[in-house]
>>> print(open('target-v4.cif').read())   # mmCIF, C-alpha atoms
data_my_file
loop_
_atom_site.group_PDB
_atom_site.id
_atom_site.type_symbol
_atom_site.label_atom_id
_atom_site.label_comp_id
_atom_site.auth_asym_id
_atom_site.auth_seq_id
_atom_site.Cartn_x
_atom_site.Cartn_y
_atom_site.Cartn_z
ATOM 1 C CA MET A 939 -56.559 -34.415 -71.614
ATOM 2 C CA THR A 940 -57.855 -34.180 -75.199
ATOM 3 C CA ILE A 941 -55.885 -32.599 -78.007
ATOM 4 C CA GLU A 942 -58.366 -29.713 -78.079
ATOM 5 C CA SER A 943 -58.020 -28.967 -74.401
ATOM 6 C CA GLY A 944 -54.222 -29.145 -74.634
ATOM 7 C CA ARG A 945 -54.233 -26.711 -77.540
ATOM 8 C CA ALA A 946 -56.524 -24.388 -75.619
ATOM 9 C CA ALA A 947 -54.161 -24.385 -72.674
ATOM 10 C CA GLY A 948 -51.264 -23.630 -74.982
ATOM 11 C CA ASP A 949 -53.217 -20.773 -76.554
ATOM 12 C CA ILE A 950 -53.863 -19.267 -73.130
ATOM 13 C CA GLY A 951 -50.143 -19.448 -72.278
ATOM 14 C CA ASP A 952 -49.216 -17.844 -75.587
ATOM 15 C CA ALA A 953 -51.723 -15.080 -75.022
ATOM 16 C CA ALA A 954 -50.284 -14.333 -71.622
ATOM 17 C CA GLN A 955 -46.761 -14.194 -73.056
ATOM 18 C CA ASP A 956 -47.954 -11.920 -75.872
ATOM 19 C CA ALA A 957 -49.567 -9.608 -73.340
ATOM 20 C CA ALA A 958 -46.350 -9.441 -71.361
ATOM 21 C CA HIS A 959 -44.194 -8.953 -74.476
ATOM 22 C CA PRO A 960 -46.372 -7.574 -77.276
ATOM 23 C CA ALA A 961 -44.994 -8.127 -80.735
ATOM 24 C CA ASP A 962 -44.775 -4.440 -81.525
ATOM 25 C CA ALA A 963 -43.022 -3.538 -78.224
ATOM 26 C CA PRO A 964 -39.359 -2.559 -78.573
ATOM 27 C CA GLN A 965 -37.034 -5.435 -77.631
ATOM 28 C CA PRO A 966 -34.095 -4.726 -75.304
ATOM 29 C CA SER A 967 -30.846 -4.283 -77.122
ATOM 30 C CA ARG A 968 -27.635 -6.068 -76.086
ATOM 31 C CA SER A 969 -26.195 -2.789 -74.783
ATOM 32 C CA THR A 970 -29.226 -2.210 -72.540
ATOM 33 C CA ALA A 971 -28.928 -5.700 -71.086
ATOM 34 C CA SER A 972 -25.215 -5.112 -70.501
ATOM 35 C CA ASP A 973 -25.978 -1.841 -68.752
ATOM 36 C CA ARG A 974 -28.413 -3.606 -66.484
ATOM 37 C CA MET A 975 -25.791 -6.220 -65.622
ATOM 38 C CA ARG A 976 -23.251 -3.518 -64.790
ATOM 39 C CA GLY A 977 -25.867 -1.788 -62.635
ATOM 40 C CA ARG A 978 -26.514 -4.940 -60.676
ATOM 41 C CA ARG A 979 -22.790 -5.376 -60.127
ATOM 42 C CA ARG A 980 -22.469 -1.787 -58.925
ATOM 43 C CA LEU A 981 -25.369 -2.317 -56.532
ATOM 44 C CA LEU A 982 -23.770 -5.448 -55.138
ATOM 45 C CA GLY A 983 -20.477 -3.586 -54.719
ATOM 46 C CA VAL A 984 -22.116 -0.707 -52.887
ATOM 47 C CA THR A 985 -23.955 -3.142 -50.625
ATOM 48 C CA ALA A 986 -20.738 -4.989 -49.819
ATOM 49 C CA LEU A 987 -18.940 -1.694 -49.127
ATOM 50 C CA ALA A 988 -21.718 -0.546 -46.830
ATOM 51 C CA THR A 989 -21.628 -3.845 -44.981
ATOM 52 C CA ALA A 990 -17.858 -3.660 -44.542
ATOM 53 C CA THR A 991 -18.100 -0.039 -43.432
ATOM 54 C CA GLY A 992 -20.761 -0.992 -40.930
ATOM 55 C CA LEU A 993 -18.598 -3.753 -39.541
ATOM 56 C CA LEU A 994 -15.627 -1.417 -39.289
ATOM 57 C CA GLY A 995 -17.816 1.193 -37.692
ATOM 58 C CA ALA A 996 -19.086 -1.314 -35.157
ATOM 59 C CA GLY A 997 -15.532 -2.326 -34.361
ATOM 60 C CA ALA A 998 -14.465 1.265 -34.019
ATOM 61 C CA GLY A 999 -17.448 1.946 -31.799
ATOM 62 C CA ALA A 1000 -16.629 -1.021 -29.605
ATOM 63 C CA GLY A 1001 -13.036 0.138 -29.424
ATOM 64 C CA ALA A 1002 -14.127 3.613 -28.442
ATOM 65 C CA SER A 1003 -16.424 2.158 -25.815
ATOM 66 C CA ARG A 1004 -13.572 0.108 -24.368
ATOM 67 C CA TRP A 1005 -11.357 3.204 -24.381
ATOM 68 C CA TRP A 1006 -13.895 5.196 -22.402
ATOM 69 C CA ASP A 1007 -14.424 2.298 -20.010
ATOM 70 C CA THR A 1008 -10.715 1.970 -19.186
ATOM 71 C CA HIS A 1009 -9.384 5.534 -19.491
ATOM 72 C CA LEU A 1010 -10.242 7.986 -16.757
ATOM 73 C CA SER A 1011 -10.224 11.718 -17.214
ATOM 74 C CA PRO A 1012 -6.925 13.501 -16.448
ATOM 75 C CA THR A 1013 -8.325 14.743 -13.140
ATOM 76 C CA ALA A 1014 -9.890 11.469 -11.947
ATOM 77 C CA ARG A 1015 -8.353 9.745 -8.887
ATOM 78 C CA THR A 1016 -5.716 12.436 -8.416
ATOM 79 C CA ALA A 1017 -4.624 13.596 -4.971
ATOM 80 C CA PRO A 1018 -5.373 17.095 -3.736
ATOM 81 C CA ARG A 1019 -2.442 19.454 -3.799
ATOM 82 C CA PRO A 1020 -0.564 20.168 -0.565
ATOM 83 C CA SER A 1021 -1.823 23.299 1.156
ATOM 84 C CA GLY A 1022 1.592 24.892 0.884
ATOM 85 C CA PRO A 1023 5.334 24.351 1.213
ATOM 86 C CA GLY A 1024 7.214 23.678 4.407
ATOM 87 C CA ARG A 1025 5.622 20.359 5.385
ATOM 88 C CA ALA A 1026 6.988 16.984 4.353
ATOM 89 C CA LEU A 1027 4.322 14.732 2.851
ATOM 90 C CA GLY A 1028 5.024 11.150 1.939
ATOM 91 C CA ALA A 1029 4.484 7.560 2.953
ATOM 92 C CA ARG A 1030 6.354 4.343 2.379
ATOM 93 C CA THR A 1031 4.672 1.494 0.554
ATOM 94 C CA VAL A 1032 6.275 -1.836 1.398
ATOM 95 C CA PHE A 1033 5.654 -5.343 0.054
ATOM 96 C CA GLN A 1034 8.633 -7.001 1.729
ATOM 97 C CA THR A 1035 12.021 -6.060 3.117
ATOM 98 C CA SER A 1036 15.526 -7.227 2.340
ATOM 99 C CA GLY A 1037 15.418 -9.818 5.106
ATOM 100 C CA GLU A 1038 18.790 -8.993 6.602
ATOM 101 C CA SER A 1039 17.273 -8.903 10.085
ATOM 102 C CA GLY A 1040 16.167 -12.533 9.868
ATOM 103 C CA LYS A 1041 12.586 -11.478 10.642
ATOM 104 C CA LEU A 1042 9.288 -11.814 8.816
ATOM 105 C CA ALA A 1043 6.022 -10.033 9.565
ATOM 106 C CA LEU A 1044 2.804 -11.911 10.300
ATOM 107 C CA THR A 1045 -0.381 -9.936 9.630
ATOM 108 C CA PHE A 1046 -4.121 -10.502 9.887
ATOM 109 C CA ASP A 1047 -6.869 -8.553 8.100
ATOM 110 C CA ASP A 1048 -10.630 -7.986 8.526
ATOM 111 C CA GLY A 1049 -11.015 -8.409 12.300
ATOM 112 C CA PRO A 1050 -11.682 -8.246 15.081
ATOM 113 C CA ASP A 1051 -14.177 -11.084 14.811
ATOM 114 C CA PRO A 1052 -15.418 -12.870 17.955
ATOM 115 C CA ARG A 1053 -15.566 -16.143 16.020
ATOM 116 C CA TRP A 1054 -11.930 -16.181 14.905
ATOM 117 C CA THR A 1055 -9.801 -13.514 16.579
ATOM 118 C CA PRO A 1056 -9.651 -15.354 19.937
ATOM 119 C CA ARG A 1057 -8.676 -18.511 18.039
ATOM 120 C CA VAL A 1058 -5.823 -16.642 16.363
ATOM 121 C CA LEU A 1059 -4.667 -15.048 19.618
ATOM 122 C CA ASP A 1060 -4.552 -18.447 21.295
ATOM 123 C CA MET A 1061 -2.439 -19.785 18.427
ATOM 124 C CA LEU A 1062 -0.017 -16.855 18.626
ATOM 125 C CA ALA A 1063 0.292 -17.347 22.384
ATOM 126 C CA ARG A 1064 1.250 -20.989 21.885
ATOM 127 C CA LEU A 1065 3.869 -19.993 19.325
ATOM 128 C CA GLN A 1066 4.993 -17.024 21.435
ATOM 129 C CA VAL A 1067 4.987 -14.680 18.434
ATOM 130 C CA ARG A 1068 3.627 -11.219 17.816
ATOM 131 C CA ALA A 1069 1.573 -10.118 14.805
ATOM 132 C CA THR A 1070 -0.091 -7.044 13.302
ATOM 133 C CA PHE A 1071 -3.878 -6.904 13.087
ATOM 134 C CA PHE A 1072 -5.211 -4.633 10.340
ATOM 135 C CA VAL A 1073 -8.669 -4.014 11.735
ATOM 136 C CA LEU A 1074 -11.928 -2.677 10.380
ATOM 137 C CA GLY A 1075 -12.937 0.391 12.373
ATOM 138 C CA SER A 1076 -16.578 -0.660 12.564
ATOM 139 C CA ALA A 1077 -15.561 -4.050 14.005
ATOM 140 C CA ALA A 1078 -13.131 -2.413 16.445
ATOM 141 C CA GLN A 1079 -15.917 -0.151 17.668
ATOM 142 C CA GLU A 1080 -18.213 -3.150 18.126
ATOM 143 C CA HIS A 1081 -15.603 -5.376 19.820
ATOM 144 C CA PRO A 1082 -13.184 -3.124 21.724
ATOM 145 C CA GLU A 1083 -12.458 -5.968 24.154
ATOM 146 C CA LEU A 1084 -10.734 -7.883 21.350
ATOM 147 C CA ILE A 1085 -8.593 -4.863 20.487
ATOM 148 C CA ALA A 1086 -7.696 -4.570 24.179
ATOM 149 C CA ARG A 1087 -6.678 -8.232 24.268
ATOM 150 C CA GLU A 1088 -4.520 -7.863 21.155
ATOM 151 C CA VAL A 1089 -2.678 -4.957 22.766
ATOM 152 C CA ALA A 1090 -2.341 -6.701 26.141
ATOM 153 C CA GLU A 1091 -0.716 -9.695 24.461
ATOM 154 C CA GLY A 1092 1.882 -7.571 22.666
ATOM 155 C CA HIS A 1093 0.393 -7.368 19.174
ATOM 156 C CA GLU A 1094 0.160 -4.349 16.902
ATOM 157 C CA VAL A 1095 -3.190 -2.890 15.849
ATOM 158 C CA ALA A 1096 -3.218 -1.086 12.496
ATOM 159 C CA VAL A 1097 -5.739 0.359 10.054
ATOM 160 C CA HIS A 1098 -7.574 -1.609 7.384
ATOM 161 C CA ASN A 1099 -10.573 0.669 6.775
ATOM 162 C CA TRP A 1100 -13.823 1.584 8.501
ATOM 163 C CA VAL A 1101 -15.638 -1.023 6.417
ATOM 164 C CA HIS A 1102 -14.276 -3.324 3.714
ATOM 165 C CA THR A 1103 -14.616 -0.777 0.904
ATOM 166 C CA ASP A 1104 -12.497 -0.626 -2.235
ATOM 167 C CA VAL A 1105 -10.691 2.714 -1.996
ATOM 168 C CA TYR A 1106 -11.108 3.205 -5.755
ATOM 169 C CA GLY A 1107 -14.839 3.592 -5.187
ATOM 170 C CA VAL A 1108 -14.698 6.500 -2.717
ATOM 171 C CA ASP A 1109 -13.461 10.057 -3.002
ATOM 172 C CA PHE A 1110 -10.620 11.594 -1.039
ATOM 173 C CA SER A 1111 -12.826 13.142 1.651
ATOM 174 C CA GLU A 1112 -14.692 9.916 2.340
ATOM 175 C CA LEU A 1113 -11.475 7.915 2.416
ATOM 176 C CA THR A 1114 -9.967 10.397 4.862
ATOM 177 C CA ARG A 1115 -12.983 10.057 7.166
ATOM 178 C CA SER A 1116 -12.843 6.265 6.962
ATOM 179 C CA VAL A 1117 -9.194 6.101 8.007
ATOM 180 C CA SER A 1118 -9.630 8.772 10.700
ATOM 181 C CA ARG A 1119 -12.648 7.022 12.218
ATOM 182 C CA THR A 1120 -10.756 3.738 12.276
ATOM 183 C CA CYS A 1121 -7.801 5.354 14.050
ATOM 184 C CA GLU A 1122 -10.194 6.816 16.612
ATOM 185 C CA ALA A 1123 -11.868 3.443 17.213
ATOM 186 C CA ILE A 1124 -8.470 1.814 17.698
ATOM 187 C CA THR A 1125 -7.236 4.335 20.238
ATOM 188 C CA ALA A 1126 -10.620 4.394 22.008
ATOM 189 C CA ALA A 1127 -10.185 0.661 22.625
ATOM 190 C CA GLY A 1128 -6.849 1.297 24.345
ATOM 191 C CA ALA A 1129 -4.372 0.708 21.507
ATOM 192 C CA PRO A 1130 -1.597 3.140 20.570
ATOM 193 C CA SER A 1131 -2.073 5.380 17.543
ATOM 194 C CA PRO A 1132 -1.648 3.227 14.441
ATOM 195 C CA ARG A 1133 1.495 3.474 12.362
ATOM 196 C CA LEU A 1134 0.447 1.277 9.438
ATOM 197 C CA TRP A 1135 -2.393 1.111 6.921
ATOM 198 C CA ARG A 1136 -3.351 -1.662 4.537
ATOM 199 C CA PRO A 1137 -6.227 -0.617 2.253
ATOM 200 C CA PRO A 1138 -8.711 -3.402 1.413
ATOM 201 C CA TYR A 1139 -7.564 -5.572 -1.508
ATOM 202 C CA GLY A 1140 -4.195 -3.809 -1.306
ATOM 203 C CA ARG A 1141 -5.410 -1.111 -3.688
ATOM 204 C CA VAL A 1142 -3.379 2.093 -3.528
ATOM 205 C CA ASP A 1143 -3.620 5.194 -5.695
ATOM 206 C CA ALA A 1144 -2.745 8.895 -5.398
ATOM 207 C CA PRO A 1145 -5.649 9.861 -3.082
ATOM 208 C CA ALA A 1146 -4.841 6.882 -0.837
ATOM 209 C CA MET A 1147 -1.194 7.896 -0.666
ATOM 210 C CA MET A 1148 -2.177 11.442 0.286
ATOM 211 C CA VAL A 1149 -4.423 10.074 3.052
ATOM 212 C CA ALA A 1150 -1.541 7.941 4.321
ATOM 213 C CA SER A 1151 0.778 10.955 4.192
ATOM 214 C CA GLN A 1152 -1.587 13.219 6.098
ATOM 215 C CA GLN A 1153 -2.345 10.540 8.691
ATOM 216 C CA LYS A 1154 1.380 9.721 9.052
ATOM 217 C CA LEU A 1155 0.842 6.086 8.125
ATOM 218 C CA ASP A 1156 3.079 3.797 6.127
ATOM 219 C CA VAL A 1157 1.345 1.390 3.747
ATOM 220 C CA LEU A 1158 2.248 -2.246 4.371
ATOM 221 C CA LEU A 1159 1.039 -4.669 1.713
ATOM 222 C CA TRP A 1160 2.239 -8.285 1.526
ATOM 223 C CA SER A 1161 4.426 -10.752 -0.319
ATOM 224 C CA VAL A 1162 2.838 -14.044 0.844
ATOM 225 C CA HIS A 1163 -0.902 -14.738 0.971
ATOM 226 C CA SER A 1164 -2.702 -17.600 2.735
ATOM 227 C CA PRO A 1165 -6.353 -17.552 1.573
ATOM 228 C CA SER A 1166 -6.857 -21.319 1.959
ATOM 229 C CA ALA A 1167 -5.628 -24.225 4.049
ATOM 230 C CA SER A 1168 -3.354 -25.412 1.259
ATOM 231 C CA ALA A 1169 -1.889 -21.932 0.823
ATOM 232 C CA ALA A 1170 -1.394 -21.650 4.577
ATOM 233 C CA ALA A 1171 0.473 -24.963 4.606
ATOM 234 C CA ALA A 1172 2.706 -23.676 1.802
ATOM 235 C CA VAL A 1173 3.762 -20.622 3.833
ATOM 236 C CA LYS A 1174 6.641 -22.656 5.281
ATOM 237 C CA ASP A 1175 8.018 -23.095 1.752
ATOM 238 C CA VAL A 1176 7.401 -19.663 0.222
ATOM 239 C CA ALA A 1177 7.979 -17.284 3.163
ATOM 240 C CA GLY A 1178 11.375 -16.255 4.408
ATOM 241 C CA ALA A 1179 13.275 -13.428 6.033
ATOM 242 C CA GLY A 1180 11.764 -10.106 5.011
ATOM 243 C CA SER A 1181 8.434 -11.608 3.941
ATOM 244 C CA VAL A 1182 5.123 -10.051 4.905
ATOM 245 C CA VAL A 1183 2.566 -12.815 5.373
ATOM 246 C CA LEU A 1184 -1.115 -11.969 4.891
ATOM 247 C CA CYS A 1185 -3.773 -13.944 6.794
ATOM 248 C CA HIS A 1186 -7.347 -13.135 7.839
ATOM 249 C CA ASP A 1187 -9.144 -13.321 11.180
ATOM 250 C CA GLY A 1188 -12.470 -12.000 9.889
ATOM 251 C CA ARG A 1189 -15.025 -12.130 7.087
ATOM 252 C CA THR A 1190 -15.110 -15.237 4.854
ATOM 253 C CA GLN A 1191 -11.632 -16.767 4.653
ATOM 254 C CA PRO A 1192 -10.934 -18.076 8.188
ATOM 255 C CA SER A 1193 -11.445 -21.757 8.976
ATOM 256 C CA GLU A 1194 -10.186 -24.276 11.492
ATOM 257 C CA ALA A 1195 -8.339 -26.145 8.751
ATOM 258 C CA LEU A 1196 -6.616 -22.959 7.605
ATOM 259 C CA PHE A 1197 -5.428 -21.974 11.072
ATOM 260 C CA SER A 1198 -4.251 -25.494 11.844
ATOM 261 C CA ALA A 1199 -2.173 -25.500 8.661
ATOM 262 C CA LEU A 1200 -0.893 -22.006 9.383
ATOM 263 C CA GLU A 1201 0.226 -22.925 12.881
ATOM 264 C CA ASP A 1202 2.238 -25.868 11.561
ATOM 265 C CA ALA A 1203 3.809 -23.646 8.889
ATOM 266 C CA LEU A 1204 4.768 -20.952 11.392
ATOM 267 C CA LEU A 1205 6.314 -23.563 13.664
ATOM 268 C CA SER A 1206 8.424 -24.780 10.729
ATOM 269 C CA LEU A 1207 9.600 -21.236 10.039
ATOM 270 C CA GLN A 1208 10.608 -20.844 13.673
ATOM 271 C CA GLU A 1209 12.532 -24.104 13.517
ATOM 272 C CA ARG A 1210 14.489 -22.613 10.598
ATOM 273 C CA GLY A 1211 15.565 -19.812 12.899
ATOM 274 C CA LEU A 1212 13.264 -17.095 11.555
ATOM 275 C CA ALA A 1213 11.774 -14.551 13.955
ATOM 276 C CA ILE A 1214 8.058 -13.863 13.448
ATOM 277 C CA THR A 1215 7.102 -10.319 14.406
ATOM 278 C CA THR A 1216 4.874 -7.310 13.736
ATOM 279 C CA GLY A 1217 4.926 -5.180 10.640
ATOM 280 C CA SER A 1218 6.269 -2.111 12.419
ATOM 281 C CA ASP A 1219 9.009 -4.116 14.108
ATOM 282 C CA LEU A 1220 10.112 -5.531 10.757
ATOM 283 C CA LEU A 1221 10.176 -2.072 9.178
ATOM 284 C CA SER A 1222 12.034 -0.485 12.077
ATOM 285 C CA SER A 1223 14.850 -3.047 12.211
ATOM 286 C CA PRO A 1224 18.074 -1.120 11.450
ATOM 287 C CA SER A 1225 19.477 -3.837 9.207
ATOM 288 C CA GLU A 1226 16.359 -3.687 7.031
ATOM 289 C CA HIS A 1227 16.937 -0.006 6.263
ATOM 290 C CA GLN A 1228 20.298 -0.851 4.726
ATOM 291 C CA GLY A 1229 18.515 -2.709 1.948
ATOM 292 C CA GLU A 1230 15.912 -0.050 1.205
ATOM 293 C CA LEU A 1231 15.469 1.161 -2.334
ATOM 294 C CA THR A 1232 16.856 4.636 -3.007
#
>>> encode(input="target-v4.cif", output="structure tokens")
Amino acid sequence: MTIESGRAAGDIGDAAQDAAHPADAPQPSRSTASDRMRGRRRLLGVTALATATGLLGAGAGAGASRWWDTHLSPTARTAPRPSGPGRALGARTVFQTSGESGKLALTFDDGPDPRWTPRVLDMLARLQVRATFFVLGSAAQEHPELIAREVAEGHEVAVHNWVHTDVYGVDFSELTRSVSRTCEAITAAGAPSPRLWRPPYGRVDAPAMMVASQQKLDVLLWSVHSPSASAAAAVKDVAGAGSVVLCHDGRTQPSEALFSALEDALLSLQERGLAITTGSDLLSSPSEHQGELT
């Protein structure tokens, strides 16, 4: 670059600066510059406050959403009122008993199933014990011969549900029909009228208790569960007098390994002197009533 060209470039830059800040234009005072700085700070503060408020608002909104998701209305899942006085309405809900009778209840859910129920009945015959079968009404209607065999071999048939539906997902009328239809399927297959009900998943609320009351059913849940072969093997260690043992003879849980382990565990319990029986027999034992809660 020559000196002349460099000077020309400098002149162009000076001209541009002069155009941006003409010599006769008023120059900003120190107070104006200070005001601008304070304005920027105020703007940053407002922005930060808005951001924080937004975050708090989002949190409050999420909290409100969670509240609505987990809090039902005051009238949701409540039982209908009794039609009038003069009729006792109530049902026991039992997990286990005091054990003073030396008995424990053995129960099976989700049958009858032609794949597994005969296998279970053969096992119980070898052990010479009785059990309670909480049956699905639709399965009982489809396989009445299995219900008839359960009764003929001294077992108790009780209500699970018409299908494996969570009672929380159905209204009172539908739940009433489900239990009634299951009772009808049980008696149509030759079994006595059921005395016990175990809702699927063991879920019980006010409408379910009213259904049990109206149908004159006690609710028998469980204290020992055997959903796998290892859990079935552990029954001999965790079950005792007064226990209610939950097993399955239908749907997805049954397996040869599970029933083999269960049979060994039940044999061990018998060797300890425990009597394995039905749910109703356990509940009706006079010595068990002495330990009832009051």
>>> closest_residue(input="target-v4.cif", among="A:Asp1060, A:Glu1038, A:Asp1143, A:Asp1051", to="Val1108 (chain A)", atoms="all atoms listed in the file")
A:Asp1143
>>> resolve_selection(input="target-v4.cif", expression="the PyMOL selection byres ((chain A and resi 1129) around 7)", output="PyMOL selection string")
chain A and resi 1086+1089+1095+1124-1125+1127-1128+1130-1131
>>> write_last_selection(input="target-v4.cif", atoms="C-alpha atoms", output="PDB file, in the frame of the given file")
ATOM      1  CA  ALA A1086      -7.696  -4.570  24.179  1.00  0.00           C
ATOM      2  CA  VAL A1089      -2.678  -4.957  22.766  1.00  0.00           C
ATOM      3  CA  VAL A1095      -3.190  -2.890  15.849  1.00  0.00           C
ATOM      4  CA  ILE A1124      -8.470   1.814  17.698  1.00  0.00           C
ATOM      5  CA  THR A1125      -7.236   4.335  20.238  1.00  0.00           C
ATOM      6  CA  ALA A1127     -10.185   0.661  22.625  1.00  0.00           C
ATOM      7  CA  GLY A1128      -6.849   1.297  24.345  1.00  0.00           C
ATOM      8  CA  PRO A1130      -1.597   3.140  20.570  1.00  0.00           C
ATOM      9  CA  SER A1131      -2.073   5.380  17.543  1.00  0.00           C
TER      10      SER A1131
END
>>> residues_near_point(input="target-v4.cif", point="(-21.7, -2.3, 15.8)", cutoff="12 Å", atoms="only C-alpha atoms", output="ChimeraX atom specification")
/A:1050-1051,1074-1082,1100-1101,1123
>>> resolve_selection(input="target-v4.cif", expression="the PyMOL selection byres ((chain A and resi 1215) around 10)", output="list in words")
Lys1041, Leu1042, Ala1043, Leu1044, Thr1045, Gln1066, Val1067, Arg1068, Ala1069, Thr1070, His1093, Glu1094, Val1182, Leu1212, Ala1213, Ile1214, Thr1216, Gly1217, Ser1218, Asp1219 and Leu1220 of chain A
>>> closest_residue(input="target-v4.cif", among="A:Leu1207, A:Ala1199, A:Val1149, A:Val1176", to="Pro1018 (chain A)", atoms="only C-alpha atoms")
A:Val1149
>>> residues_around(input="target-v4.cif", residues="Pro1192 (chain A)", least_positions_apart="5", cutoff="12 Å", atoms="all atoms listed in the file", output="list in words")
Phe1046, Asp1047, Asp1048, Gly1049, Asp1051, Pro1052, Arg1053, Trp1054, Thr1055, Arg1057, Val1058, Ser1164, Pro1165, Ser1166, Ala1167, Ala1170, Cys1185, His1186, Asp1187, Phe1197, Ser1198, Ala1199 and Leu1200 of chain A
>>> closest_residue(input="target-v4.cif", among="A:Asn1099, A:Gln1191, A:Thr1031, A:Ser1036", to="Trp1160 (chain A)", atoms="all atoms listed in the file")
A:Thr1031
>>> residues_around(input="target-v4.cif", residues="Leu1204 (chain A)", least_positions_apart="4", cutoff="8 Å", atoms="only C-alpha atoms", output="PyMOL selection string")
chain A and resi 1173-1174+1200+1208
>>> atom_distance(input="target-v4.cif", atom1="CA of Asp1104 (chain A)", atom2="CA of Pro1138 (chain A)")
5.9 Å
>>> atom_distance(input="target-v4.cif", atom1="CA of Cys1121 (chain A)", atom2="CA of Leu1159 (chain A)")
18.2 Å
>>> atom_distance(input="target-v4.cif", atom1="CA of Pro1137 (chain A)", atom2="CA of Gly1188 (chain A)")
15.1 Å
>>> closest_residue(input="target-v4.cif", among="A:Ala1126, A:Val1157, A:Leu1205, A:Val1142", to="Ala1096 (chain A)", atoms="all atoms listed in the file")
A:Val1157
>>> closest_residue(input="target-v4.cif", among="A:Gly1037, A:Pro1145, A:Pro1056, A:Gly1140", to="Ala1017 (chain A)", atoms="all atoms listed in the file")
A:Pro1145
>>> axis_aligned_box(input="target-v4.cif", around="region 1027-1031 of chain A", padding_each_side="4 Å", output="lines of an AutoDock Vina configuration file")
center_x = 5.3
center_y = 8.1
center_z = 1.8
size_x = 10.0
size_y = 21.2
size_z = 10.4
